[in-house]
Structure formats: structure tokens, C-alpha cells
$ cat coords_38.cif   # mmCIF, C-alpha atoms and all ligand atoms
data_start
#
loop_
_atom_site.group_PDB
_atom_site.id
_atom_site.type_symbol
_atom_site.label_atom_id
_atom_site.label_comp_id
_atom_site.auth_asym_id
_atom_site.auth_seq_id
_atom_site.Cartn_x
_atom_site.Cartn_y
_atom_site.Cartn_z
ATOM 1 C CA MET A 1 -48.841 -37.696 -93.707
ATOM 2 C CA THR A 2 -48.829 -36.087 -97.139
ATOM 3 C CA GLU A 3 -52.063 -34.865 -98.674
ATOM 4 C CA LEU A 4 -52.917 -36.944 -101.737
ATOM 5 C CA LEU A 5 -56.384 -35.736 -102.726
ATOM 6 C CA ALA A 6 -58.206 -32.529 -101.926
ATOM 7 C CA VAL A 7 -61.724 -31.802 -103.118
ATOM 8 C CA GLU A 8 -62.575 -28.176 -102.450
ATOM 9 C CA ARG A 9 -66.097 -26.774 -102.686
ATOM 10 C CA VAL A 10 -66.873 -28.897 -105.721
ATOM 11 C CA THR A 11 -70.141 -28.416 -107.564
ATOM 12 C CA ALA A 12 -70.501 -30.800 -110.501
ATOM 13 C CA GLY A 13 -73.050 -32.552 -112.675
ATOM 14 C CA TYR A 14 -74.114 -33.495 -116.153
ATOM 15 C CA GLY A 15 -74.491 -30.613 -118.610
ATOM 16 C CA GLU A 16 -76.392 -27.879 -116.832
ATOM 17 C CA SER A 17 -77.738 -30.162 -114.093
ATOM 18 C CA VAL A 18 -76.005 -30.181 -110.727
ATOM 19 C CA VAL A 19 -75.707 -33.471 -108.783
ATOM 20 C CA LEU A 20 -72.913 -32.571 -106.337
ATOM 21 C CA GLU A 21 -72.966 -29.341 -104.442
ATOM 22 C CA ASP A 22 -70.234 -27.663 -102.433
ATOM 23 C CA VAL A 23 -68.457 -30.943 -101.621
ATOM 24 C CA SER A 24 -65.159 -30.694 -99.733
ATOM 25 C CA PHE A 25 -62.861 -33.297 -98.192
ATOM 26 C CA ALA A 26 -59.205 -34.225 -98.250
ATOM 27 C CA LEU A 27 -57.350 -37.518 -97.947
ATOM 28 C CA ASP A 28 -53.740 -38.283 -97.113
ATOM 29 C CA GLU A 29 -51.677 -41.071 -98.629
ATOM 30 C CA GLY A 30 -52.860 -44.330 -97.022
ATOM 31 C CA ASP A 31 -56.274 -43.009 -95.923
ATOM 32 C CA SER A 32 -59.402 -45.071 -96.489
ATOM 33 C CA LEU A 33 -62.823 -43.517 -96.963
ATOM 34 C CA ALA A 34 -66.317 -45.045 -97.072
ATOM 35 C CA LEU A 35 -68.628 -43.005 -99.270
ATOM 36 C CA LEU A 36 -72.181 -43.743 -98.215
ATOM 37 C CA GLY A 37 -75.726 -42.595 -98.883
ATOM 38 C CA ARG A 38 -79.030 -43.717 -100.327
ATOM 39 C CA ASN A 39 -79.542 -44.486 -104.024
ATOM 40 C CA GLY A 40 -79.087 -41.612 -106.405
ATOM 41 C CA VAL A 41 -77.489 -39.148 -103.953
ATOM 42 C CA GLY A 42 -74.347 -38.712 -106.067
ATOM 43 C CA LYS A 43 -71.825 -41.296 -104.830
ATOM 44 C CA THR A 44 -70.903 -42.622 -108.268
ATOM 45 C CA SER A 45 -70.926 -39.082 -109.612
ATOM 46 C CA LEU A 46 -68.358 -38.084 -106.995
ATOM 47 C CA LEU A 47 -66.025 -40.852 -108.209
ATOM 48 C CA THR A 48 -66.590 -39.948 -111.854
ATOM 49 C CA THR A 49 -65.969 -36.295 -110.982
ATOM 50 C CA LEU A 50 -62.587 -37.297 -109.538
ATOM 51 C CA MET A 51 -61.889 -39.112 -112.822
ATOM 52 C CA GLY A 52 -62.945 -36.078 -114.880
ATOM 53 C CA LEU A 53 -66.061 -37.628 -116.400
ATOM 54 C CA THR A 54 -68.649 -35.104 -115.207
ATOM 55 C CA ARG A 55 -68.861 -31.370 -115.695
ATOM 56 C CA LEU A 56 -67.118 -29.446 -112.937
ATOM 57 C CA HIS A 57 -69.181 -26.298 -112.432
ATOM 58 C CA LYS A 58 -67.243 -24.893 -109.488
ATOM 59 C CA GLY A 59 -64.461 -25.758 -107.081
ATOM 60 C CA ALA A 60 -61.053 -27.385 -107.228
ATOM 61 C CA ILE A 61 -59.627 -30.905 -107.250
ATOM 62 C CA ARG A 62 -56.011 -31.253 -106.173
ATOM 63 C CA TRP A 63 -54.112 -34.487 -106.686
ATOM 64 C CA ALA A 64 -50.621 -34.864 -105.195
ATOM 65 C CA GLY A 65 -50.445 -31.084 -104.872
ATOM 66 C CA LYS A 66 -51.470 -30.310 -108.464
ATOM 67 C CA ASP A 67 -54.744 -28.868 -109.740
ATOM 68 C CA ILE A 68 -56.280 -31.561 -111.971
ATOM 69 C CA ALA A 69 -59.622 -29.859 -112.661
ATOM 70 C CA ARG A 70 -58.845 -29.608 -116.360
ATOM 71 C CA VAL A 71 -56.757 -32.763 -116.746
ATOM 72 C CA ALA A 72 -58.132 -35.468 -119.107
ATOM 73 C CA PRO A 73 -59.456 -38.699 -117.515
ATOM 74 C CA TYR A 74 -56.718 -40.921 -118.989
ATOM 75 C CA LYS A 75 -54.062 -38.612 -117.579
ATOM 76 C CA ARG A 76 -55.695 -38.779 -114.136
ATOM 77 C CA ALA A 77 -55.535 -42.569 -114.373
ATOM 78 C CA ARG A 78 -51.891 -42.324 -115.361
ATOM 79 C CA ALA A 79 -51.249 -39.997 -112.431
ATOM 80 C CA GLY A 80 -52.413 -42.728 -110.054
ATOM 81 C CA LEU A 81 -56.208 -42.659 -109.733
ATOM 82 C CA GLY A 82 -57.300 -46.281 -110.107
ATOM 83 C CA TRP A 83 -61.004 -46.403 -110.897
ATOM 84 C CA VAL A 84 -62.940 -49.671 -110.542
ATOM 85 C CA PRO A 85 -66.350 -48.893 -112.084
ATOM 86 C CA GLN A 86 -69.525 -50.668 -111.049
ATOM 87 C CA GLU A 87 -69.912 -52.300 -114.475
ATOM 88 C CA ARG A 88 -66.643 -54.325 -114.271
ATOM 89 C CA HIS A 89 -66.071 -54.281 -118.070
ATOM 90 C CA MET A 90 -64.839 -57.840 -118.756
ATOM 91 C CA TYR A 91 -63.627 -58.781 -122.235
ATOM 92 C CA PRO A 92 -64.860 -62.208 -123.410
ATOM 93 C CA SER A 93 -61.880 -62.599 -125.760
ATOM 94 C CA LEU A 94 -59.208 -62.027 -123.079
ATOM 95 C CA THR A 95 -58.059 -64.451 -120.409
ATOM 96 C CA VAL A 96 -57.829 -63.391 -116.783
ATOM 97 C CA GLU A 97 -54.074 -63.005 -117.146
ATOM 98 C CA GLU A 98 -54.408 -60.960 -120.331
ATOM 99 C CA HIS A 99 -56.847 -58.609 -118.574
ATOM 100 C CA LEU A 100 -54.017 -57.955 -116.131
ATOM 101 C CA THR A 101 -51.026 -57.756 -118.431
ATOM 102 C CA VAL A 102 -52.535 -55.416 -121.037
ATOM 103 C CA VAL A 103 -52.820 -52.594 -118.504
ATOM 104 C CA ALA A 104 -49.576 -53.272 -116.581
ATOM 105 C CA ARG A 105 -47.491 -50.292 -115.603
ATOM 106 C CA PRO A 106 -44.241 -50.455 -113.667
ATOM 107 C CA GLY A 107 -44.453 -50.539 -109.885
ATOM 108 C CA ARG A 108 -44.812 -52.916 -106.983
ATOM 109 C CA TRP A 109 -47.965 -54.568 -108.372
ATOM 110 C CA ASP A 110 -47.221 -57.227 -110.975
ATOM 111 C CA VAL A 111 -48.951 -60.493 -111.910
ATOM 112 C CA LYS A 112 -47.007 -62.436 -109.263
ATOM 113 C CA LYS A 113 -48.068 -60.103 -106.468
ATOM 114 C CA ILE A 114 -51.664 -60.047 -107.744
ATOM 115 C CA TYR A 115 -51.791 -63.848 -107.541
ATOM 116 C CA GLU A 116 -50.463 -63.758 -103.986
ATOM 117 C CA VAL A 117 -53.353 -61.499 -102.955
ATOM 118 C CA PHE A 118 -55.965 -63.128 -105.244
ATOM 119 C CA PRO A 119 -55.085 -66.865 -105.313
ATOM 120 C CA ARG A 120 -58.435 -67.520 -106.999
ATOM 121 C CA LEU A 121 -57.317 -65.513 -110.028
ATOM 122 C CA GLN A 122 -54.239 -67.658 -110.377
ATOM 123 C CA GLU A 123 -56.508 -70.724 -110.498
ATOM 124 C CA ARG A 124 -58.573 -68.987 -113.189
ATOM 125 C CA ARG A 125 -55.675 -67.410 -115.078
ATOM 126 C CA THR A 126 -56.515 -69.052 -118.421
ATOM 127 C CA ASN A 127 -60.306 -68.568 -118.167
ATOM 128 C CA MET A 128 -61.848 -66.060 -120.544
ATOM 129 C CA GLY A 129 -63.614 -62.951 -119.274
ATOM 130 C CA ASN A 130 -67.037 -64.497 -119.895
ATOM 131 C CA GLN A 131 -66.170 -67.704 -118.020
ATOM 132 C CA LEU A 132 -66.012 -66.066 -114.618
ATOM 133 C CA SER A 133 -68.474 -65.746 -111.756
ATOM 134 C CA GLY A 134 -69.562 -62.272 -110.653
ATOM 135 C CA GLY A 135 -67.142 -62.400 -107.710
ATOM 136 C CA GLU A 136 -64.252 -63.449 -109.940
ATOM 137 C CA GLN A 137 -65.085 -60.647 -112.377
ATOM 138 C CA GLN A 138 -64.993 -58.174 -109.507
ATOM 139 C CA MET A 139 -61.607 -59.531 -108.436
ATOM 140 C CA VAL A 140 -60.292 -59.125 -112.000
ATOM 141 C CA ALA A 141 -61.648 -55.568 -112.081
ATOM 142 C CA ILE A 142 -59.820 -54.693 -108.853
ATOM 143 C CA ALA A 143 -56.673 -56.571 -109.847
ATOM 144 C CA ARG A 144 -56.628 -54.812 -113.223
ATOM 145 C CA ALA A 145 -56.753 -51.433 -111.503
ATOM 146 C CA LEU A 146 -53.916 -52.516 -109.208
ATOM 147 C CA MET A 147 -51.800 -53.500 -112.219
ATOM 148 C CA THR A 148 -51.730 -49.818 -113.201
ATOM 149 C CA ASN A 149 -49.985 -49.248 -109.850
ATOM 150 C CA PRO A 150 -52.375 -46.570 -108.591
ATOM 151 C CA ARG A 151 -51.828 -44.382 -105.546
ATOM 152 C CA MET A 152 -55.536 -44.514 -104.764
ATOM 153 C CA LEU A 153 -58.245 -47.020 -105.642
ATOM 154 C CA LEU A 154 -61.819 -45.833 -106.265
ATOM 155 C CA LEU A 155 -64.144 -48.808 -105.716
ATOM 156 C CA ASP A 156 -67.741 -48.402 -106.867
ATOM 157 C CA GLU A 157 -70.014 -50.885 -105.088
ATOM 158 C CA PRO A 158 -67.563 -53.807 -105.224
ATOM 159 C CA MET A 159 -69.921 -56.174 -103.337
ATOM 160 C CA GLU A 160 -72.980 -55.486 -105.472
ATOM 161 C CA GLY A 161 -74.916 -58.590 -106.486
ATOM 162 C CA LEU A 162 -72.428 -61.044 -104.964
ATOM 163 C CA ALA A 163 -73.261 -64.104 -102.844
ATOM 164 C CA PRO A 164 -72.490 -63.691 -99.101
ATOM 165 C CA ILE A 165 -69.592 -66.164 -99.196
ATOM 166 C CA ILE A 166 -67.952 -64.251 -102.075
ATOM 167 C CA VAL A 167 -68.578 -60.959 -100.291
ATOM 168 C CA GLN A 168 -66.568 -62.342 -97.358
ATOM 169 C CA GLU A 169 -63.710 -63.390 -99.645
ATOM 170 C CA LEU A 170 -63.634 -60.019 -101.392
ATOM 171 C CA LEU A 171 -63.853 -58.214 -98.084
ATOM 172 C CA GLY A 172 -60.763 -60.092 -96.918
ATOM 173 C CA VAL A 173 -58.889 -58.996 -100.032
ATOM 174 C CA ILE A 174 -59.914 -55.323 -99.760
ATOM 175 C CA ARG A 175 -59.027 -55.360 -96.054
ATOM 176 C CA LYS A 176 -55.586 -56.693 -96.951
ATOM 177 C CA LEU A 177 -55.119 -53.900 -99.497
ATOM 178 C CA VAL A 178 -56.133 -51.213 -97.021
ATOM 179 C CA GLN A 179 -54.560 -52.514 -93.833
ATOM 180 C CA ASP A 180 -51.516 -54.514 -94.938
ATOM 181 C CA GLU A 181 -50.619 -52.757 -98.195
ATOM 182 C CA GLY A 182 -51.544 -49.266 -96.926
ATOM 183 C CA LEU A 183 -53.321 -48.451 -100.189
ATOM 184 C CA SER A 184 -55.488 -45.317 -100.222
ATOM 185 C CA VAL A 185 -59.082 -46.167 -101.119
ATOM 186 C CA ILE A 186 -62.499 -44.634 -101.522
ATOM 187 C CA VAL A 187 -65.228 -47.282 -101.299
ATOM 188 C CA VAL A 188 -68.782 -46.577 -102.428
ATOM 189 C CA GLU A 189 -71.020 -49.210 -100.889
ATOM 190 C CA GLN A 190 -74.679 -49.936 -100.239
ATOM 191 C CA HIS A 191 -73.593 -52.351 -97.507
ATOM 192 C CA ALA A 192 -72.737 -49.471 -95.192
ATOM 193 C CA ARG A 193 -71.582 -51.573 -92.246
ATOM 194 C CA LEU A 194 -69.189 -53.565 -94.403
ATOM 195 C CA ALA A 195 -67.698 -50.392 -95.860
ATOM 196 C CA LEU A 196 -67.348 -48.876 -92.386
ATOM 197 C CA SER A 197 -65.588 -51.998 -91.126
ATOM 198 C CA LEU A 198 -62.993 -51.576 -93.888
ATOM 199 C CA THR A 199 -62.212 -47.885 -93.604
ATOM 200 C CA GLN A 200 -60.959 -45.205 -91.223
ATOM 201 C CA ARG A 201 -63.264 -42.426 -92.297
ATOM 202 C CA ALA A 202 -66.821 -42.077 -93.562
ATOM 203 C CA ILE A 203 -68.669 -39.461 -95.535
ATOM 204 C CA VAL A 204 -72.418 -39.612 -96.120
ATOM 205 C CA LEU A 205 -73.983 -37.801 -99.060
ATOM 206 C CA ASP A 206 -77.583 -36.705 -99.351
ATOM 207 C CA ARG A 207 -78.872 -35.070 -102.531
ATOM 208 C CA GLY A 208 -75.361 -34.178 -103.599
ATOM 209 C CA CYS A 209 -74.220 -32.629 -100.291
ATOM 210 C CA ILE A 210 -72.070 -34.006 -97.482
ATOM 211 C CA VAL A 211 -74.370 -34.477 -94.475
ATOM 212 C CA HIS A 212 -71.973 -36.455 -92.275
ATOM 213 C CA ASP A 213 -68.182 -36.759 -91.984
ATOM 214 C CA SER A 214 -66.562 -38.732 -89.145
ATOM 215 C CA ASP A 215 -64.387 -41.693 -88.230
ATOM 216 C CA SER A 216 -65.930 -44.893 -89.592
ATOM 217 C CA ARG A 217 -65.835 -46.404 -86.098
ATOM 218 C CA GLU A 218 -67.964 -43.593 -84.686
ATOM 219 C CA LEU A 219 -70.703 -44.158 -87.275
ATOM 220 C CA LEU A 220 -70.503 -47.930 -86.912
ATOM 221 C CA ASP A 221 -71.039 -47.563 -83.156
ATOM 222 C CA ASP A 222 -74.096 -45.336 -83.605
ATOM 223 C CA GLY A 223 -76.454 -47.698 -85.397
ATOM 224 C CA ALA A 224 -79.478 -45.411 -85.044
ATOM 225 C CA LYS A 225 -77.666 -42.528 -86.695
ATOM 226 C CA LEU A 226 -76.295 -44.744 -89.440
ATOM 227 C CA ASP A 227 -79.769 -46.068 -90.211
ATOM 228 C CA ARG A 228 -81.157 -42.549 -90.256
ATOM 229 C CA LEU A 229 -78.483 -41.460 -92.714
ATOM 230 C CA VAL A 230 -78.449 -44.362 -95.134
ATOM 231 C CA SER A 231 -81.640 -46.390 -94.806
ATOM 232 C CA VAL A 232 -84.417 -46.069 -97.279
ATOM 233 C CA ALA A 233 -87.299 -44.275 -95.553
HETATM 234 N N1 LIG B 1 -74.788 -39.816 -117.048
HETATM 235 C C1 LIG B 1 -75.714 -39.123 -116.366
HETATM 236 N N2 LIG B 1 -76.396 -38.122 -116.965
HETATM 237 C C2 LIG B 1 -77.320 -37.403 -116.286
HETATM 238 N N3 LIG B 1 -77.631 -37.615 -114.989
HETATM 239 C C3 LIG B 1 -76.992 -38.591 -114.354
HETATM 240 C C4 LIG B 1 -75.994 -39.408 -114.997
HETATM 241 N N4 LIG B 1 -75.528 -40.305 -114.100
HETATM 242 C C5 LIG B 1 -76.192 -40.071 -112.948
HETATM 243 N N5 LIG B 1 -77.070 -39.040 -113.102
HETATM 244 C C6 LIG B 1 -77.943 -38.482 -112.055
HETATM 245 O O1 LIG B 1 -77.119 -38.007 -111.004
HETATM 246 C C7 LIG B 1 -77.712 -38.264 -109.737
HETATM 247 C C8 LIG B 1 -76.733 -38.998 -108.874
HETATM 248 O O2 LIG B 1 -76.526 -40.318 -109.411
HETATM 249 P P1 LIG B 1 -75.343 -41.274 -108.914
HETATM 250 O O3 LIG B 1 -75.374 -42.492 -109.779
HETATM 251 O O4 LIG B 1 -74.105 -40.509 -108.810
HETATM 252 O O5 LIG B 1 -75.857 -41.635 -107.447
HETATM 253 P P2 LIG B 1 -75.437 -42.834 -106.504
HETATM 254 O O6 LIG B 1 -75.494 -42.298 -105.119
HETATM 255 O O7 LIG B 1 -74.167 -43.434 -106.969
HETATM 256 O O8 LIG B 1 -76.633 -43.841 -106.721
HETATM 257 P P3 LIG B 1 -76.661 -45.437 -106.801
HETATM 258 O O9 LIG B 1 -76.417 -45.919 -105.420
HETATM 259 O O10 LIG B 1 -78.046 -45.704 -107.272
HETATM 260 O O11 LIG B 1 -75.604 -45.858 -107.793
HETATM 261 C C9 LIG B 1 -79.005 -39.029 -110.013
HETATM 262 O O12 LIG B 1 -80.078 -38.118 -109.965
HETATM 263 C C10 LIG B 1 -78.803 -39.564 -111.399
HETATM 264 O O13 LIG B 1 -80.020 -39.706 -112.068
#
$ encode --input "coords_38.cif" --output "C-alpha cells" --more "lines below"
Ligand SMILES: Nc1ncnc2c1ncn2[C@@H]1O[C@H](COP(=O)(O)OP(=O)(O)OP(=O)(O)O)[C@@H](O)[C@H]1O
Amino acid sequence: MTELLAVERVTAGYGESVVLEDVSFALDEGDSLALLGRNGVGKTSLLTTLMGLTRLHKGAIRWAGKDIARVAPYKRARAGLGWVPQERHMYPSLTVEEHLTVVARPGRWDVKKIYEVFPRLQERRTNMGNQLSGGEQQMVAIARALMTNPRMLLLDEPMEGLAPIIVQELLGVIRKLVQDEGLSVIVVEQHARLALSLTQRAIVLDRGCIVHDSDSRELLDDGAKLDRLVSVA
């Protein structure tokens, strides 16, 4: 497999403050990673560092073989990093379909394919951004990122605040993207077991450092260790 993303000894933060320290990992095309850890350990900051939205103090970030440490966020998005932020960012004046078409870039993901994977969005295609449930908004946020035809999707707590039945529906969709479509993903999730069930590999952060890196299966099978690593004391 070809290396898609390499994070090498990255130390990053906000201004002078450091929230990620000496973080290293690499992912190949098609890999799926669960990024776990307690609140405030730096999971979101790792995603925003990949997008170029924090200050990189030290280290290197390589994307498809190129150093992107000094590349602007919009160019990283254009190069194939599809970020789905926690806040979802719906526009009340745009319909579901307009949310999708305004960001469309050429590639295998188009509105037709989106509706095959998210039939619920087809049903809601003429609804405005403020006429959607939380789960539907999350689906639009993911679908919108897919419309840019990314090579990797960065999902920041996609299940947050959603009812269990919607979590199951969304889980099915993300599983389809990872397993059937072979899309590379990094999933930040408080629901650690759900994230582990979706991915091949897991990294756990604690206070900005990687404290665990293994197959997702291995961590899922060791419940005591998982609880020790991610549960609130
Ligand atoms: N824009 C910012 N400016 C300054 N500090 C920030 C900013 N965003 C986050 N931080 C700090 O960086 C640290 C890591 O936060 P981050 O949101 O990355 O953690 P997290 O693991 O994603 O947490 P959560 O699960 O609560 O979202 C925290 O101490 C937080 O207060």
C-alpha cells in the first residue's frame, strides 16, 4: 500500500502553548484510524493540525509524499483532506442539495452516489439547513466533505449528541465508506467501542502524547485496558 499521511514528531499548539507533543504515525491509502482519549487531550487539535489550523512548533506532516507543513488549509482541503468538524456548520438559507452542490469537485462522489449511500438525504433534498435533525445535519456534513472527493476523511465526533437509533444509522454509513468504499478515515470519538468497531487501527492520546497504538481489534478485546486509557477517572 502507498503511504498517504505521515505525521513525524509533531509538536503543535496555539500560540506559544503546546497541546500535542512528539506525535508520530503514518497511514496508507485505505487505512482507518480511531483517535481516542479523554476530554481535552488533543484529539481535535490533532485533526486541526493536519488541516493547518494550529501552530506547528516542530516536526513534519507529509501528505501523498509531499511536505505540507507550510501549506494553507484550503490547499490541504483541495489536496484531498476532507475535514468534518464537530460543529457541522449548516446554512439555514441552503437546501440539503445546495449544501452538496456548492462544494462539488470532480471525482467518483457526486449527488447521485451520495443519495445511494445516504437515502435519507435524498428524502430531505429540498429541506433547508435549519430544518434538519442533528443526525441529518451530521449526514449532510459528511456528505458535503465527500462531494469534495477527498482521499481521507477526518471525522470529529460524528456521533456526538445523537439518539441511539440515529447513531446506528450513521454507523452503518461510515462502515460502508470504510469497508465497501475503501475510504481512508480518521475518526475522533468519545464512544470508543463504536470507533474501534469501525476501524483497523487505534491511537490513544493523553495530554497531547500518544500513549497507545495498536490494531483496533486488540484494544476492543482488552476492555480493562481500554477503560484505563479512555475512561474518566
Ligand atoms: N483554539 C484554541 N486556543 C487555545 N487552546 C485551545 C484551543 N482549542 C483547544 N485548546 C486547548 O487544547 C487542548 C486540547 O483540546 P482539544 O479540543 O484538541 O482536545 P480533545 O481531546 O479534542 O477534547 P474534547 O474531547 O473535549 O473535544 C485543551 O487544553 C484545550 O483547552
$ axis_aligned_box --input "coords_38.cif" --around "region 68-87 of chain A" --padding-each-side "6 Å" --output "JSON"
{"center_x": -60.6, "center_y": -41.0, "center_z": -114.4, "size_x": 30.7, "size_y": 34.7, "size_z": 21.4}
$ closest_residue --input "coords_38.cif" --among "A:Lys58, A:Arg193, A:His99, A:Gln179" --to "Arg125 (chain A)" --atoms "all atoms listed in the file"
A:His99
$ residues_around --input "coords_38.cif" --residues "Met51 (chain A)" --least-positions-apart "3" --cutoff "9 Å" --atoms "all atoms listed in the file" --output "MDAnalysis selection string"
chainID A and resid 46:48 54 72:74 76:77 81:83
$ closest_residue --input "coords_38.cif" --among "A:Leu50, A:Ile166, A:Leu100, A:Ala6" --to "Leu20 (chain A)" --atoms "only C-alpha atoms"
A:Leu50
$ residues_near_ligand --input "coords_38.cif" --ligand "ligand LIG 1 (chain B)" --cutoff "6 Å" --atoms "only C-alpha atoms and all ligand atoms" --output "PyMOL selection string"
chain A and resi 14+19+39-45
$ resolve_selection --input "coords_38.cif" --expression "the PyMOL selection byres (((chain A and resi 111-124) around 9) and not hetatm)" --output "short mmCIF file (atom, residue, chain, number, x, y, z; two decimals) with C-alpha atoms, keeping the file's coordinate frame"
data_model
loop_
_atom_site.label_atom_id
_atom_site.label_comp_id
_atom_site.auth_asym_id
_atom_site.auth_seq_id
_atom_site.Cartn_x
_atom_site.Cartn_y
_atom_site.Cartn_z
CA THR A 95 -58.06 -64.45 -120.41
CA VAL A 96 -57.83 -63.39 -116.78
CA GLU A 97 -54.07 -63.00 -117.15
CA LEU A 100 -54.02 -57.96 -116.13
CA THR A 101 -51.03 -57.76 -118.43
CA ALA A 104 -49.58 -53.27 -116.58
CA ARG A 108 -44.81 -52.92 -106.98
CA TRP A 109 -47.96 -54.57 -108.37
CA ASP A 110 -47.22 -57.23 -110.98
CA ARG A 125 -55.68 -67.41 -115.08
CA THR A 126 -56.52 -69.05 -118.42
CA ASN A 127 -60.31 -68.57 -118.17
CA MET A 128 -61.85 -66.06 -120.54
CA LEU A 132 -66.01 -66.07 -114.62
CA GLU A 136 -64.25 -63.45 -109.94
CA MET A 139 -61.61 -59.53 -108.44
CA VAL A 140 -60.29 -59.12 -112.00
CA ALA A 143 -56.67 -56.57 -109.85
CA LEU A 146 -53.92 -52.52 -109.21
CA MET A 147 -51.80 -53.50 -112.22
CA VAL A 173 -58.89 -59.00 -100.03
CA LYS A 176 -55.59 -56.69 -96.95
CA LEU A 177 -55.12 -53.90 -99.50
#
$ closest_atom_pairs --input "coords_38.cif" --of "region 74-189 of chain A" --to "region 194-209 of chain A" --cutoff "10 Å" --atoms "all atoms listed in the file" --output "JSON lines"
{"residue": "A:Glu157", "atom": "CA", "partner": "A:Ala195", "partner_atom": "CA", "distance": 9.5}
{"residue": "A:Pro158", "atom": "CA", "partner": "A:Ala195", "partner_atom": "CA", "distance": 10.0}
{"residue": "A:Met159", "atom": "CA", "partner": "A:Leu194", "partner_atom": "CA", "distance": 9.3}
{"residue": "A:Val167", "atom": "CA", "partner": "A:Leu194", "partner_atom": "CA", "distance": 9.5}
{"residue": "A:Gln168", "atom": "CA", "partner": "A:Leu194", "partner_atom": "CA", "distance": 9.6}
{"residue": "A:Leu171", "atom": "CA", "partner": "A:Leu198", "partner_atom": "CA", "distance": 7.9}
{"residue": "A:Gly172", "atom": "CA", "partner": "A:Leu198", "partner_atom": "CA", "distance": 9.3}
{"residue": "A:Ile174", "atom": "CA", "partner": "A:Leu198", "partner_atom": "CA", "distance": 7.6}
{"residue": "A:Arg175", "atom": "CA", "partner": "A:Leu198", "partner_atom": "CA", "distance": 5.9}
{"residue": "A:Lys176", "atom": "CA", "partner": "A:Leu198", "partner_atom": "CA", "distance": 9.5}
{"residue": "A:Leu177", "atom": "CA", "partner": "A:Leu198", "partner_atom": "CA", "distance": 9.9}
{"residue": "A:Val178", "atom": "CA", "partner": "A:Leu198", "partner_atom": "CA", "distance": 7.6}
{"residue": "A:Gln179", "atom": "CA", "partner": "A:Leu198", "partner_atom": "CA", "distance": 8.5}
{"residue": "A:Ser184", "atom": "CA", "partner": "A:Thr199", "partner_atom": "CA", "distance": 9.8}
{"residue": "A:Val185", "atom": "CA", "partner": "A:Thr199", "partner_atom": "CA", "distance": 8.3}
{"residue": "A:Ile186", "atom": "CA", "partner": "A:Thr199", "partner_atom": "CA", "distance": 8.6}
{"residue": "A:Val187", "atom": "CA", "partner": "A:Ala195", "partner_atom": "CA", "distance": 6.7}
{"residue": "A:Val188", "atom": "CA", "partner": "A:Ala195", "partner_atom": "CA", "distance": 7.7}
{"residue": "A:Glu189", "atom": "CA", "partner": "A:Ala195", "partner_atom": "CA", "distance": 6.1}
$ atom_distance --input "coords_38.cif" --atom1 "CA of Asp215 (chain A)" --atom2 "CA of Ser24 (chain A)"
15.9 Å
$ atom_distance --input "coords_38.cif" --atom1 "CA of Thr49 (chain A)" --atom2 "CA of Met90 (chain A)"
22.9 Å
$ decode --input "coords_38.cif" --residues "region 154-168 of chain A" --atoms "C-alpha atoms" --output "JSON list (two decimals), in the first residue's frame"
[["chain", "number", "residue", "atom", "x", "y", "z"],
["A", 154, "LEU", "CA", -11.29, 13.44, 9.18],
["A", 155, "LEU", "CA", -14.40, 12.90, 11.31],
["A", 156, "ASP", "CA", -14.59, 14.81, 14.59],
["A", 157, "GLU", "CA", -17.03, 13.16, 16.99],
["A", 158, "PRO", "CA", -19.64, 12.30, 14.34],
["A", 159, "MET", "CA", -21.97, 10.58, 16.85],
["A", 160, "GLU", "CA", -21.95, 13.38, 19.41],
["A", 161, "GLY", "CA", -25.37, 14.24, 20.81],
["A", 162, "LEU", "CA", -27.28, 11.86, 18.53],
["A", 163, "ALA", "CA", -30.08, 9.48, 19.56],
["A", 164, "PRO", "CA", -29.05, 5.78, 19.67],
["A", 165, "ILE", "CA", -31.16, 4.87, 16.63],
["A", 166, "ILE", "CA", -29.50, 7.63, 14.56],
["A", 167, "VAL", "CA", -26.08, 6.57, 15.83],
["A", 168, "GLN", "CA", -26.79, 3.11, 14.41]]
